[in-house]
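The structure file work_9.cif is reproduced below (mmCIF, C-alpha atoms and all ligand atoms).
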```
data_run
#
loop_
_atom_site.label_atom_id
_atom_site.label_comp_id
_atom_site.auth_asym_id
_atom_site.auth_seq_id
_atom_site.Cartn_x
_atom_site.Cartn_y
_atom_site.Cartn_z
CA MET U 1 0.00 0.00 0.00
CA PRO U 2 1.20 3.58 -0.64
CA GLU U 3 2.55 5.66 2.24
CA VAL U 4 0.88 8.98 3.05
CA TYR U 5 1.71 11.64 5.66
CA ASN U 6 -0.83 12.02 8.47
CA TRP U 7 -0.02 15.11 10.56
CA HIS U 8 -2.39 14.06 13.36
CA LEU U 9 -0.20 10.97 13.86
CA GLY U 10 3.06 12.83 13.18
CA ARG U 11 4.18 10.13 10.77
CA LYS U 12 3.57 8.39 7.51
CA MET U 13 1.00 5.62 7.37
CA SER U 14 -0.21 3.15 4.79
CA TYR U 15 -3.37 4.03 2.86
CA VAL U 16 -4.94 2.43 -0.17
CA PHE U 17 -4.57 5.46 -2.48
CA ASP U 18 -1.55 7.64 -3.28
CA GLU U 19 -1.30 10.90 -1.38
CA ALA U 20 -3.48 13.56 -3.04
CA HIS U 21 -4.96 16.71 -1.55
CA PRO U 22 -7.71 19.20 -2.37
CA LYS U 23 -7.00 22.90 -2.91
CA LYS U 24 -9.09 23.80 0.11
CA GLN U 25 -10.37 21.61 2.94
CA PHE U 26 -13.81 21.82 4.54
CA ALA U 27 -13.21 21.94 8.31
CA ALA U 28 -14.89 23.00 11.55
CA VAL U 29 -14.23 23.57 15.23
CA PHE U 30 -16.85 22.52 17.82
CA ASN U 31 -16.52 23.86 21.37
CA ILE U 32 -17.90 21.04 23.52
CA ASN U 33 -18.00 23.25 26.62
CA ARG U 34 -20.82 25.20 25.03
CA CYS U 35 -22.98 22.38 23.61
CA ILE U 36 -26.39 22.20 25.32
CA GLY U 37 -27.52 18.99 23.60
CA CYS U 38 -30.55 20.71 22.05
CA GLN U 39 -30.34 18.74 18.76
CA THR U 40 -31.18 21.81 16.68
CA CYS U 41 -28.25 20.82 14.44
CA THR U 42 -29.65 17.29 14.14
CA GLY U 43 -33.11 18.56 13.20
CA ALA U 44 -31.76 21.10 10.71
CA CYS U 45 -29.86 18.42 8.81
CA LYS U 46 -32.85 16.08 8.88
CA ALA U 47 -35.20 18.80 7.61
CA THR U 48 -32.78 19.69 4.83
CA TRP U 49 -31.46 16.36 3.59
CA THR U 50 -32.93 13.20 5.14
CA PHE U 51 -36.72 13.65 5.34
CA SER U 52 -37.63 11.07 2.68
CA LYS U 53 -38.78 7.49 2.72
CA GLY U 54 -35.99 5.11 3.69
CA GLN U 55 -34.13 7.83 5.61
CA GLU U 56 -36.18 7.61 8.79
CA TYR U 57 -33.30 6.28 10.90
CA MET U 58 -30.65 8.33 9.14
CA TRP U 59 -29.15 11.18 11.18
CA TRP U 60 -26.18 12.58 9.30
CA ASN U 61 -25.67 14.95 12.22
CA ASN U 62 -26.27 13.65 15.73
CA THR U 63 -25.46 14.78 19.27
CA GLU U 64 -24.77 11.94 21.69
CA SER U 65 -24.11 11.94 25.45
CA LYS U 66 -20.71 10.56 26.40
CA PRO U 67 -19.54 8.23 27.86
CA TYR U 68 -22.50 5.87 27.32
CA GLY U 69 -24.40 7.27 24.36
CA GLY U 70 -23.59 6.71 20.72
CA TYR U 71 -25.21 6.56 17.30
CA PRO U 72 -25.09 3.80 16.23
CA GLN U 73 -25.00 2.39 19.73
CA HIS U 74 -21.50 1.98 21.21
CA TRP U 75 -19.83 2.72 17.85
CA ASP U 76 -16.62 4.04 19.38
CA ILE U 77 -16.38 1.41 22.14
CA LYS U 78 -16.64 -1.29 19.50
CA ILE U 79 -13.97 0.07 17.18
CA LEU U 80 -11.64 0.89 20.10
CA GLN U 81 -12.05 -2.67 21.31
CA GLN U 82 -11.20 -4.04 17.87
CA LEU U 83 -8.15 -1.82 17.77
CA ASP U 84 -7.10 -2.98 21.27
CA GLU U 85 -7.47 -6.63 20.29
CA ALA U 86 -5.40 -6.08 17.13
CA HIS U 87 -2.64 -4.45 19.21
CA ALA U 88 -2.69 -7.30 21.74
CA ALA U 89 -2.51 -9.89 18.95
CA ALA U 90 0.44 -8.07 17.34
CA GLY U 91 2.19 -7.52 20.69
CA LYS U 92 2.11 -3.73 20.16
CA LYS U 93 0.93 -0.77 22.22
CA ALA U 94 -1.26 2.10 21.01
CA GLU U 95 1.07 4.72 22.49
CA TRP U 96 1.98 8.30 21.64
CA ASP U 97 5.50 9.69 21.92
CA ILE U 98 4.88 13.33 22.76
CA SER U 99 8.63 14.02 23.07
CA GLN U 100 8.73 14.05 19.25
CA ALA U 101 6.23 16.93 18.91
CA SER U 102 7.18 19.41 16.18
CA ASP U 103 5.59 21.77 13.65
CA THR U 104 4.69 18.83 11.39
CA ALA U 105 3.73 16.58 14.33
CA PRO U 106 1.94 18.89 16.82
CA TYR U 107 0.72 16.06 19.06
CA GLY U 108 3.92 13.98 18.87
CA VAL U 109 4.14 10.63 17.09
CA TYR U 110 1.58 7.83 17.34
CA ASN U 111 3.46 4.55 17.62
CA GLY U 112 0.35 2.33 17.56
CA MET U 113 -1.55 0.99 14.58
CA THR U 114 -4.36 2.81 12.74
CA ILE U 115 -7.54 1.00 11.66
CA SER U 116 -5.97 0.52 8.25
CA GLU U 117 -2.64 -0.79 9.59
CA ALA U 118 -4.42 -3.15 12.00
CA ALA U 119 -6.65 -4.69 9.32
CA GLY U 120 -6.21 -8.23 8.10
CA ALA U 121 -5.16 -8.98 4.52
CA ALA U 122 -8.77 -9.29 3.34
CA GLU U 123 -9.91 -5.80 4.46
CA GLN U 124 -8.81 -2.19 3.91
CA ALA U 125 -9.52 -1.29 7.55
CA LEU U 126 -10.82 -2.67 10.82
CA GLY U 127 -14.56 -2.26 11.09
CA TYR U 128 -17.95 -3.82 11.67
CA LEU U 129 -21.45 -3.51 10.26
CA PRO U 130 -23.89 -2.32 12.95
CA GLU U 131 -27.14 -4.25 13.24
CA ASP U 132 -30.40 -2.44 12.41
CA LYS U 133 -31.30 -2.21 16.11
CA GLU U 134 -28.09 -0.25 16.84
CA TRP U 135 -29.28 2.61 14.58
CA ARG U 136 -32.83 2.84 15.90
CA ALA U 137 -32.34 4.81 19.16
CA PRO U 138 -29.94 7.72 18.54
CA LEU U 139 -30.53 9.18 22.00
CA PHE U 140 -30.13 6.01 24.02
CA TYR U 141 -28.30 7.00 27.27
CA GLU U 142 -29.05 10.69 26.68
CA ASP U 143 -28.01 12.84 29.68
CA THR U 144 -26.79 9.76 31.55
CA SER U 145 -23.86 10.59 33.79
CA THR U 146 -21.34 8.26 35.36
CA ALA U 147 -22.23 7.21 38.92
CA TYR U 148 -20.58 8.81 41.93
CA LYS U 149 -18.45 6.09 43.48
CA GLY U 150 -18.93 5.34 47.15
CA ASP U 151 -22.57 6.39 47.39
CA ARG U 152 -25.38 3.84 47.44
CA LEU U 153 -27.47 5.86 44.98
CA GLY U 154 -24.49 7.01 42.92
CA ILE U 155 -25.12 10.64 43.93
CA SER U 156 -22.47 12.96 45.35
CA GLN U 157 -23.35 14.68 48.63
CA GLU U 158 -20.61 17.30 48.17
CA GLY U 159 -21.22 18.38 44.58
CA ALA U 160 -18.52 18.64 41.94
CA SER U 161 -15.67 21.04 41.33
CA LEU U 162 -13.03 21.53 38.67
CA PRO U 163 -10.55 20.46 37.40
CA GLU U 164 -12.34 17.08 36.99
CA HIS U 165 -15.83 16.07 38.06
CA GLN U 166 -16.23 12.58 39.53
CA THR U 167 -19.74 12.38 38.11
CA TRP U 168 -19.81 13.59 34.55
CA PHE U 169 -21.13 13.40 31.02
CA PHE U 170 -20.84 15.65 27.98
CA TYR U 171 -22.42 16.11 24.59
CA LEU U 172 -20.43 15.02 21.57
CA THR U 173 -21.99 16.40 18.42
CA ARG U 174 -20.92 14.65 15.24
CA LEU U 175 -21.15 14.59 11.49
CA CYS U 176 -18.96 13.15 8.75
CA ASN U 177 -15.40 14.37 9.27
CA HIS U 178 -14.69 14.75 5.54
CA CYS U 179 -11.47 12.96 6.35
CA THR U 180 -8.20 13.59 4.55
CA TYR U 181 -7.78 9.81 4.17
CA PRO U 182 -11.39 8.57 4.20
CA ALA U 183 -11.81 4.94 5.24
CA CYS U 184 -15.19 4.91 3.45
CA ALA U 185 -13.53 5.72 0.10
CA ALA U 186 -10.77 3.17 0.72
CA ALA U 187 -13.37 0.47 1.43
CA CYS U 188 -15.64 0.99 -1.58
CA PRO U 189 -15.19 -1.76 -4.19
CA ARG U 190 -17.09 0.37 -6.76
CA LYS U 191 -14.89 3.47 -6.29
CA ALA U 192 -18.15 5.34 -5.77
CA ILE U 193 -16.79 7.60 -2.99
CA TYR U 194 -14.66 10.59 -3.83
CA LYS U 195 -13.14 13.65 -2.21
CA ARG U 196 -13.81 16.88 -4.10
CA PRO U 197 -10.62 18.65 -5.22
CA GLU U 198 -12.13 22.11 -4.66
CA ASP U 199 -13.12 21.73 -0.99
CA GLY U 200 -12.26 18.23 0.27
CA ILE U 201 -15.93 17.32 0.84
CA VAL U 202 -16.38 13.53 0.65
CA LEU U 203 -19.37 12.40 -1.42
CA ILE U 204 -20.94 9.11 -2.54
CA ASP U 205 -21.78 8.97 -6.25
CA GLN U 206 -25.33 7.57 -6.10
CA ALA U 207 -25.12 6.34 -9.70
CA ARG U 208 -22.05 4.21 -8.98
CA CYS U 209 -23.06 2.95 -5.51
CA ARG U 210 -24.48 -0.59 -5.43
CA GLY U 211 -25.15 -0.65 -1.68
CA TYR U 212 -22.44 -3.13 -0.71
CA ARG U 213 -22.16 -1.24 2.60
CA LYS U 214 -18.38 -1.58 2.81
CA CYS U 215 -18.25 2.15 3.65
CA VAL U 216 -20.77 1.62 6.48
CA GLU U 217 -18.57 -1.19 7.76
CA GLN U 218 -15.23 0.58 7.54
CA CYS U 219 -15.94 4.22 8.39
CA PRO U 220 -14.71 4.17 12.01
CA TYR U 221 -17.04 7.07 12.86
CA LYS U 222 -20.04 5.23 11.37
CA LYS U 223 -21.06 8.24 9.30
CA SER U 224 -21.95 6.40 6.13
CA MET U 225 -25.47 4.96 6.28
CA TYR U 226 -27.48 2.50 4.20
CA ARG U 227 -30.86 3.39 2.69
CA GLY U 228 -33.07 0.40 2.02
CA THR U 229 -35.44 2.14 -0.40
CA THR U 230 -32.71 3.06 -2.88
CA ARG U 231 -30.30 0.26 -1.96
CA THR U 232 -27.46 2.73 -1.80
CA SER U 233 -25.40 4.25 0.99
CA GLU U 234 -25.69 7.93 1.83
CA LYS U 235 -23.79 10.34 4.04
CA CYS U 236 -23.42 13.99 5.01
CA VAL U 237 -22.83 16.06 1.88
CA GLY U 238 -21.19 18.94 3.75
CA CYS U 239 -24.12 21.10 2.57
CA TYR U 240 -22.02 21.64 -0.56
CA PRO U 241 -24.44 24.08 -2.30
CA ARG U 242 -23.93 26.46 0.64
CA VAL U 243 -20.16 25.90 0.70
CA GLU U 244 -20.10 26.70 -3.04
CA GLY U 245 -21.91 29.99 -2.34
CA ASN U 246 -25.00 28.90 -4.30
CA ASP U 247 -27.52 29.39 -1.52
CA PRO U 248 -29.82 32.34 -2.39
CA LEU U 249 -28.83 33.97 0.92
CA SER U 250 -25.11 33.64 0.40
CA ASP U 251 -24.44 36.51 -2.01
CA GLY U 252 -21.98 34.32 -3.90
CA VAL U 253 -19.64 33.60 -0.99
CA PRO U 254 -19.23 30.31 0.91
CA MET U 255 -21.73 29.87 3.73
CA GLU U 256 -21.59 27.70 6.80
CA THR U 257 -23.55 24.43 6.67
CA ARG U 258 -27.12 24.07 7.91
CA CYS U 259 -26.15 22.17 11.09
CA VAL U 260 -23.55 24.85 11.91
CA ALA U 261 -25.68 27.89 11.08
CA VAL U 262 -28.57 26.92 13.38
CA CYS U 263 -26.59 26.12 16.55
CA PRO U 264 -28.07 28.15 19.45
CA GLY U 265 -25.22 27.08 21.77
CA LYS U 266 -22.80 28.93 19.45
CA ILE U 267 -20.43 26.00 19.67
CA ARG U 268 -19.62 25.73 15.94
CA LEU U 269 -17.33 27.53 13.51
CA ASN U 270 -17.07 26.16 9.97
CA GLY U 271 -14.83 27.17 7.09
CA LEU U 272 -12.41 26.27 4.33
CA VAL U 273 -8.66 26.16 4.92
CA ASP U 274 -6.06 26.44 2.15
CA ILE U 275 -3.99 23.35 1.46
CA ALA U 276 -0.41 23.81 0.26
CA GLU U 277 1.26 21.85 -2.59
CA ASP U 278 2.76 19.34 -0.14
CA GLY U 279 -0.62 18.59 1.46
CA ALA U 280 0.03 20.57 4.67
CA TRP U 281 -2.28 23.38 5.76
CA ALA U 282 -1.00 26.59 4.17
CA GLU U 283 0.21 28.92 6.92
CA ALA U 284 -2.58 31.38 7.73
CA PRO U 285 -2.44 32.52 11.38
CA GLN U 286 -5.17 35.13 10.72
CA HIS U 287 -7.64 32.42 9.57
CA PRO U 288 -9.91 31.61 12.56
CA LEU U 289 -9.77 27.81 12.07
CA TYR U 290 -6.02 27.75 11.40
CA TYR U 291 -5.51 29.92 14.47
CA LEU U 292 -7.57 27.70 16.80
CA ILE U 293 -6.23 24.38 15.49
CA LYS U 294 -2.63 25.11 14.50
CA VAL U 295 -1.54 28.20 16.45
CA GLU U 296 -3.32 27.89 19.81
CA LYS U 297 -3.93 24.11 19.45
CA VAL U 298 -7.13 24.34 21.52
CA ALA U 299 -9.16 22.30 18.99
CA LEU U 300 -8.28 18.64 18.51
CA PRO U 301 -9.23 15.82 16.12
CA LEU U 302 -11.71 13.11 17.21
CA TYR U 303 -9.97 9.74 17.70
CA PRO U 304 -6.86 10.68 15.70
CA GLN U 305 -5.52 7.14 16.28
CA PHE U 306 -8.07 5.79 13.78
CA GLY U 307 -5.81 7.32 11.12
CA THR U 308 -8.29 8.95 8.73
CA GLU U 309 -7.15 12.52 9.59
CA PRO U 310 -10.66 13.82 10.38
CA ASN U 311 -11.36 17.50 9.67
CA ILE U 312 -13.88 18.31 12.42
CA TYR U 313 -11.98 19.52 15.50
CA TYR U 314 -13.17 19.69 19.11
CA ILE U 315 -12.35 21.99 21.99
CA PRO U 316 -12.44 19.34 24.75
CA PRO U 317 -14.70 19.74 27.81
CA ARG U 318 -12.79 20.78 30.90
CA TRP U 319 -14.71 18.78 33.52
CA ALA U 320 -14.35 15.21 32.16
CA PRO U 321 -11.51 12.89 33.26
CA ARG U 322 -8.34 13.61 31.32
CA SER U 323 -7.60 9.94 30.57
CA TYR U 324 -11.00 9.61 28.84
CA LEU U 325 -10.38 12.81 26.89
CA ARG U 326 -6.87 11.74 25.85
CA GLN U 327 -8.28 8.51 24.47
CA MET U 328 -10.88 10.51 22.51
CA PHE U 329 -8.85 13.53 21.34
CA GLY U 330 -5.24 12.40 21.64
CA PRO U 331 -2.37 13.74 23.73
CA GLY U 332 -3.05 17.43 23.00
CA VAL U 333 -5.87 17.56 25.58
CA ASP U 334 -3.97 18.92 28.59
CA GLU U 335 -2.33 21.74 26.65
CA ALA U 336 -5.64 22.63 24.97
CA ILE U 337 -7.51 22.90 28.28
CA ALA U 338 -4.69 24.86 29.93
CA ARG U 339 -4.64 27.30 27.01
CA TYR U 340 -8.34 28.04 26.75
CA THR U 341 -9.04 28.24 30.48
CA ALA U 342 -6.56 31.14 30.66
CA PRO U 343 -6.88 32.37 27.08
CA SER U 344 -4.41 34.70 25.44
CA ARG U 345 -5.75 38.12 24.50
CA GLN U 346 -6.08 37.05 20.86
CA LEU U 347 -7.69 33.67 21.61
CA LEU U 348 -10.38 35.26 23.77
CA ALA U 349 -11.26 37.56 20.87
CA VAL U 350 -11.32 34.75 18.26
CA LEU U 351 -13.58 32.62 20.50
CA GLN U 352 -16.25 35.33 20.08
CA LEU U 353 -16.54 34.57 16.35
CA PHE U 354 -18.49 31.33 16.74
CA ARG U 355 -21.95 31.50 15.16
CA THR U 356 -22.15 35.19 14.52
CA THR U 357 -22.74 35.16 10.76
CA GLN U 358 -23.76 32.52 8.21
CA ARG U 359 -20.91 33.58 5.92
CA MET U 360 -17.73 31.53 6.28
CA LEU U 361 -14.91 33.62 7.72
CA PHE U 362 -11.53 33.52 6.00
CA ARG U 363 -9.63 36.10 8.06
CA PHE U 364 -9.88 37.97 11.33
CA GLU U 365 -8.39 41.18 12.67
CA ILE U 366 -8.33 42.47 16.22
CA GLU U 367 -8.61 46.10 17.35
CA GLU U 368 -7.23 46.49 20.84
CA GLY U 369 -9.50 47.83 23.59
CA PRO U 370 -9.13 48.78 27.29
CA LEU U 371 -8.21 46.51 30.19
CA VAL U 372 -11.46 45.48 31.93
CA LEU U 373 -10.45 42.78 34.41
CA GLU U 374 -7.38 41.68 36.35
CA THR U 375 -7.64 38.38 38.20
CA GLU U 376 -5.94 35.02 38.75
CA VAL U 377 -6.60 31.91 36.62
CA ASN U 378 -4.91 28.52 37.14
CA GLY U 379 -2.81 30.15 39.87
CA GLU U 380 -1.39 32.77 37.48
CA PRO U 381 -2.26 36.45 36.96
CA TRP U 382 -4.65 36.94 34.03
CA LYS U 383 -5.92 40.08 32.32
CA MET U 384 -8.98 40.61 30.14
CA TYR U 385 -9.23 43.37 27.53
CA ASN U 386 -12.34 44.55 25.73
CA ASP U 387 -10.87 44.02 22.26
CA THR U 388 -12.91 44.04 19.06
CA VAL U 389 -12.65 41.15 16.63
CA ILE U 390 -13.59 41.59 12.97
CA GLY U 391 -14.27 38.64 10.64
CA PHE U 392 -13.96 38.86 6.83
CA ASP U 393 -15.73 36.72 4.20
CA ALA U 394 -14.29 35.10 1.05
CA LYS U 395 -14.45 38.40 -0.83
CA GLY U 396 -12.53 40.19 1.93
CA ARG U 397 -15.63 42.10 3.07
CA GLU U 398 -16.31 42.72 6.73
CA ALA U 399 -18.87 40.10 7.77
CA VAL U 400 -18.96 40.56 11.53
CA ARG U 401 -17.61 42.87 14.26
CA LEU U 402 -17.85 42.02 17.97
CA SER U 403 -16.38 43.13 21.25
CA VAL U 404 -15.14 40.72 23.93
CA VAL U 405 -17.44 42.32 26.50
CA GLU U 406 -21.03 42.00 25.33
CA PRO U 407 -22.57 45.49 25.05
CA LEU U 408 -25.16 46.28 27.71
CA HIS U 409 -28.23 48.28 26.66
CA GLU U 410 -30.19 49.85 29.47
CA ARG U 411 -33.89 50.25 28.78
CA PRO U 412 -34.99 53.89 29.19
CA ALA U 413 -37.19 54.56 32.22
CA GLU U 414 -40.27 55.49 30.12
CA ARG U 415 -40.24 52.02 28.49
CA MET U 416 -39.54 50.05 31.65
CA ASN U 417 -42.62 47.83 31.33
CA SER U 418 -42.78 47.50 27.58
CA ILE U 419 -42.01 44.19 25.91
S1 LIG W 1 -16.07 10.26 8.69
FE1 LIG W 1 -16.41 8.25 7.73
S2 LIG W 1 -17.88 8.69 6.10
FE2 LIG W 1 -16.92 10.64 6.65
S3 LIG W 1 -15.13 10.86 5.27
FE3 LIG W 1 -14.40 9.94 7.20
S4 LIG W 1 -14.43 7.75 6.79
FE4 LIG W 1 -15.76 8.71 5.24
S1 LIG W 2 -22.98 19.57 6.88
FE1 LIG W 2 -25.08 19.61 5.99
S2 LIG W 2 -25.38 17.52 5.29
FE2 LIG W 2 -23.67 17.44 6.73
S3 LIG W 2 -24.55 16.97 8.76
FE3 LIG W 2 -24.45 19.21 8.57
S4 LIG W 2 -26.48 19.81 7.75
FE4 LIG W 2 -26.22 17.61 7.37
S1 LIG W 3 -27.32 22.82 17.88
FE1 LIG W 3 -25.35 23.31 18.82
S2 LIG W 3 -25.79 23.33 21.04
FE2 LIG W 3 -27.49 22.25 20.06
S3 LIG W 3 -26.88 20.09 20.10
FE3 LIG W 3 -26.20 20.89 18.14
S4 LIG W 3 -24.07 21.49 18.49
FE4 LIG W 3 -25.02 21.27 20.52
#
```
Would you write the structure of this file as structure tokens?
Amino acid sequence: MPEVYNWHLGRKMSYVFDEAHPKKQFAAVFNINRCIGCQTCTGACKATWTFSKGQEYMWWNNTESKPYGGYPQHWDIKILQQLDEAHAAAGKKAEWDISQASDTAPYGVYNGMTISEAAGAAEQALGYLPEDKEWRAPLFYEDTSTAYKGDRLGISQEGASLPEHQTWFFYLTRLCNHCTYPACAAACPRKAIYKRPEDGIVLIDQARCRGYRKCVEQCPYKKSMYRGTTRTSEKCVGCYPRVEGNDPLSDGVPMETRCVAVCPGKIRLNGLVDIAEDGAWAEAPQHPLYYLIKVEKVALPLYPQFGTEPNIYYIPPRWAPRSYLRQMFGPGVDEAIARYTAPSRQLLAVLQLFRTTQRMLFRFEIEEGPLVLETEVNGEPWKMYNDTVIGFDAKGREAVRLSVVEPLHERPAERMNSI
């Protein structure tokens, strides 16, 4: 198999196709700390794309409660278990060497096997085909926390406090990761799955698909789904008409997807990053996604050890046990949490940009404002400034302007009781 470079793993890995990259890559950052589990994203995708016969159990976007929830049920536990068994059989360990962290390997080097490297000779990747019953209850274990140890009812009498809660759960909202090295495309015997050169969105050609479900089996995130009425597989299309700027509202510039644009928790920021000739992200520290993922490193890939180089990034929740988070988001978790709990002046401003306009933002600028707070965070002095952050769309036009401190409008006395 050809060797390709996976920057999440900090090393080359084997993949079925030669290394090839789009000009731009569809990507997003989701701030888990802000997700309220309202499923508005889930409903928006359903109402836009999957409301037809045969799609009743198809949720291209879903929000599940971790650690117990999952759609399909226990998808990540099952693939992690397969990966563990493959490591045990090969006498290897799924370990990271963070001492080798560098610009091209920001999380260090993964010395374990990916789902592709752990597969037997007959398969492109480790995987399994969920049974129908595993897809039927997307909110199974919703809002179910871990039990408090040492109490008969599993309830803490003292309450919880940071840095880690003993009783915890969090919402993990998910869609197709439009992976750099998609396992679904590698698995398809019909070569019906392709990655668009203009934006890296991964699509299934419905005319070529014969419904063999190899993509359903081998996507480790279980984001390819089978539709019985058409006998083909379908998946998130990245709302490509909006990304192309063809939505009537978009004024010809790329817009954020439906699931991103509706999020009331303001947890999502979606955009396109430039990819350089060598496949690396072109340096763009003023691009909000590049800044969050590459400069501040507060947003991390989901299960990077699977080896598909997913392009949806997560700001990890600060209250869940670190060992669980490291398994889910890799070894960058501790640095990410330390950085965003005492954010730099610039990071605090960029974090305001989430869900403020439907237009994708390609650049930000910051106008410095006055000092408004001096305090201590994580045992260190910390200062907050009321800076203004300005976001620009694909045409370089100002799309949004916000201050760090939310403006306060006092209602005039004569209108005190008006609605
Ligand atoms: S998340 Fe799954 S379906 Fe989406 S591109 Fe990656 S491997 Fe394919
Ligand atoms: S990007 Fe579009 S198609 Fe994909 S999950 Fe979100 S709303 Fe659905
Ligand atoms: S709409 Fe936003 S806040 Fe609500 S579940 Fe989805 S990601 Fe979370």
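Between Thr257 of chain U and the candidates U:Ile79, U:Val377, U:Ala282, U:Ala44, the tightest atom-to-atom separation, counting all atoms listed in the file, involves U:Ala44.
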Quick one: contact table of chain U to ligand LIG 2 (chain W), 9 Å max, nearest atom pair and distance in Å to one decimal per residue, counting all atoms listed in the file, chain and number order, as CSV?
```
residue,atom,partner,partner_atom,distance
U:Cys41,CA,W:LIG2,S4,7.0
U:Thr42,CA,W:LIG2,S3,7.4
U:Gly43,CA,W:LIG2,S4,8.7
U:Ala44,CA,W:LIG2,S4,6.2
U:Cys45,CA,W:LIG2,S4,3.8
U:Lys46,CA,W:LIG2,FE4,7.0
U:Ala47,CA,W:LIG2,S4,8.8
U:Thr48,CA,W:LIG2,S4,6.9
U:Trp49,CA,W:LIG2,S2,6.4
U:Thr50,CA,W:LIG2,FE4,8.3
U:Trp59,CA,W:LIG2,S3,7.8
U:Trp60,CA,W:LIG2,S3,4.7
U:Asn61,CA,W:LIG2,S3,4.2
U:Asn62,CA,W:LIG2,S3,7.9
U:Arg174,CA,W:LIG2,S3,7.8
U:Leu175,CA,W:LIG2,S3,5.0
U:Cys176,CA,W:LIG2,FE2,6.7
U:Lys235,CA,W:LIG2,S2,7.5
U:Cys236,CA,W:LIG2,FE2,3.9
U:Val237,CA,W:LIG2,S2,4.5
U:Gly238,CA,W:LIG2,S1,3.7
U:Cys239,CA,W:LIG2,FE1,3.9
U:Tyr240,CA,W:LIG2,FE1,7.5
U:Arg242,CA,W:LIG2,FE1,8.8
U:Glu256,CA,W:LIG2,S1,8.2
U:Thr257,CA,W:LIG2,S1,4.9
U:Arg258,CA,W:LIG2,S4,4.3
U:Cys259,CA,W:LIG2,S4,4.1
U:Val260,CA,W:LIG2,FE3,6.6
U:Ala261,CA,W:LIG2,S4,8.8
```
Any residue with an atom at most 10 Å from ligand LIG 3 (chain W) counts, using all atoms listed in the file. Which are they? Put them as a PyMOL selection string.
chain U and resi 30-44+61-64+171-174+259-268+355
U:Asp97, U:Glu283, U:Asp18, U:Glu142 ranked by distance to Phe169 of chain U, top pick (using all atoms listed in the file):
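Of the candidates, the smallest distance to Phe169 of chain U is held by U:Glu142.
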Within 8 Å of ligand LIG 1 (chain W): each chain U residue with its shortest pair, only C-alpha atoms and all ligand atoms, as a tab-separated table:
```
residue	atom	partner	partner_atom	distance
U:Leu175	CA	W:LIG1	S1	7.2
U:Cys176	CA	W:LIG1	FE2	3.9
U:Asn177	CA	W:LIG1	S1	4.2
U:His178	CA	W:LIG1	S3	3.9
U:Cys179	CA	W:LIG1	FE3	4.3
U:Thr180	CA	W:LIG1	S3	7.5
U:Tyr181	CA	W:LIG1	FE3	7.3
U:Pro182	CA	W:LIG1	S4	4.1
U:Ala183	CA	W:LIG1	S4	4.1
U:Cys184	CA	W:LIG1	FE4	4.2
U:Ala185	CA	W:LIG1	FE4	6.4
U:Ile201	CA	W:LIG1	S3	7.9
U:Val202	CA	W:LIG1	S3	5.5
U:Cys215	CA	W:LIG1	S2	7.0
U:Val216	CA	W:LIG1	S2	7.6
U:Gln218	CA	W:LIG1	S4	7.3
U:Cys219	CA	W:LIG1	FE1	4.1
U:Pro220	CA	W:LIG1	FE1	6.2
U:Tyr221	CA	W:LIG1	FE1	5.3
U:Lys222	CA	W:LIG1	FE1	6.0
U:Lys223	CA	W:LIG1	S2	4.5
U:Ser224	CA	W:LIG1	S2	4.7
U:Lys235	CA	W:LIG1	S2	6.5
U:Cys236	CA	W:LIG1	FE2	7.5
U:Thr308	CA	W:LIG1	FE3	6.4
U:Pro310	CA	W:LIG1	FE3	6.3
```
Spatial neighbours of segment 340-351 of chain U, max dist 8 Å, all atoms listed in the file, sep filter under 3 positions, as an NGL selection string:
:U and (288 or 292 or 296 or 298 or 336-337 or 354 or 364 or 366 or 377-378 or 382 or 384-385 or 387-389 or 403-404)
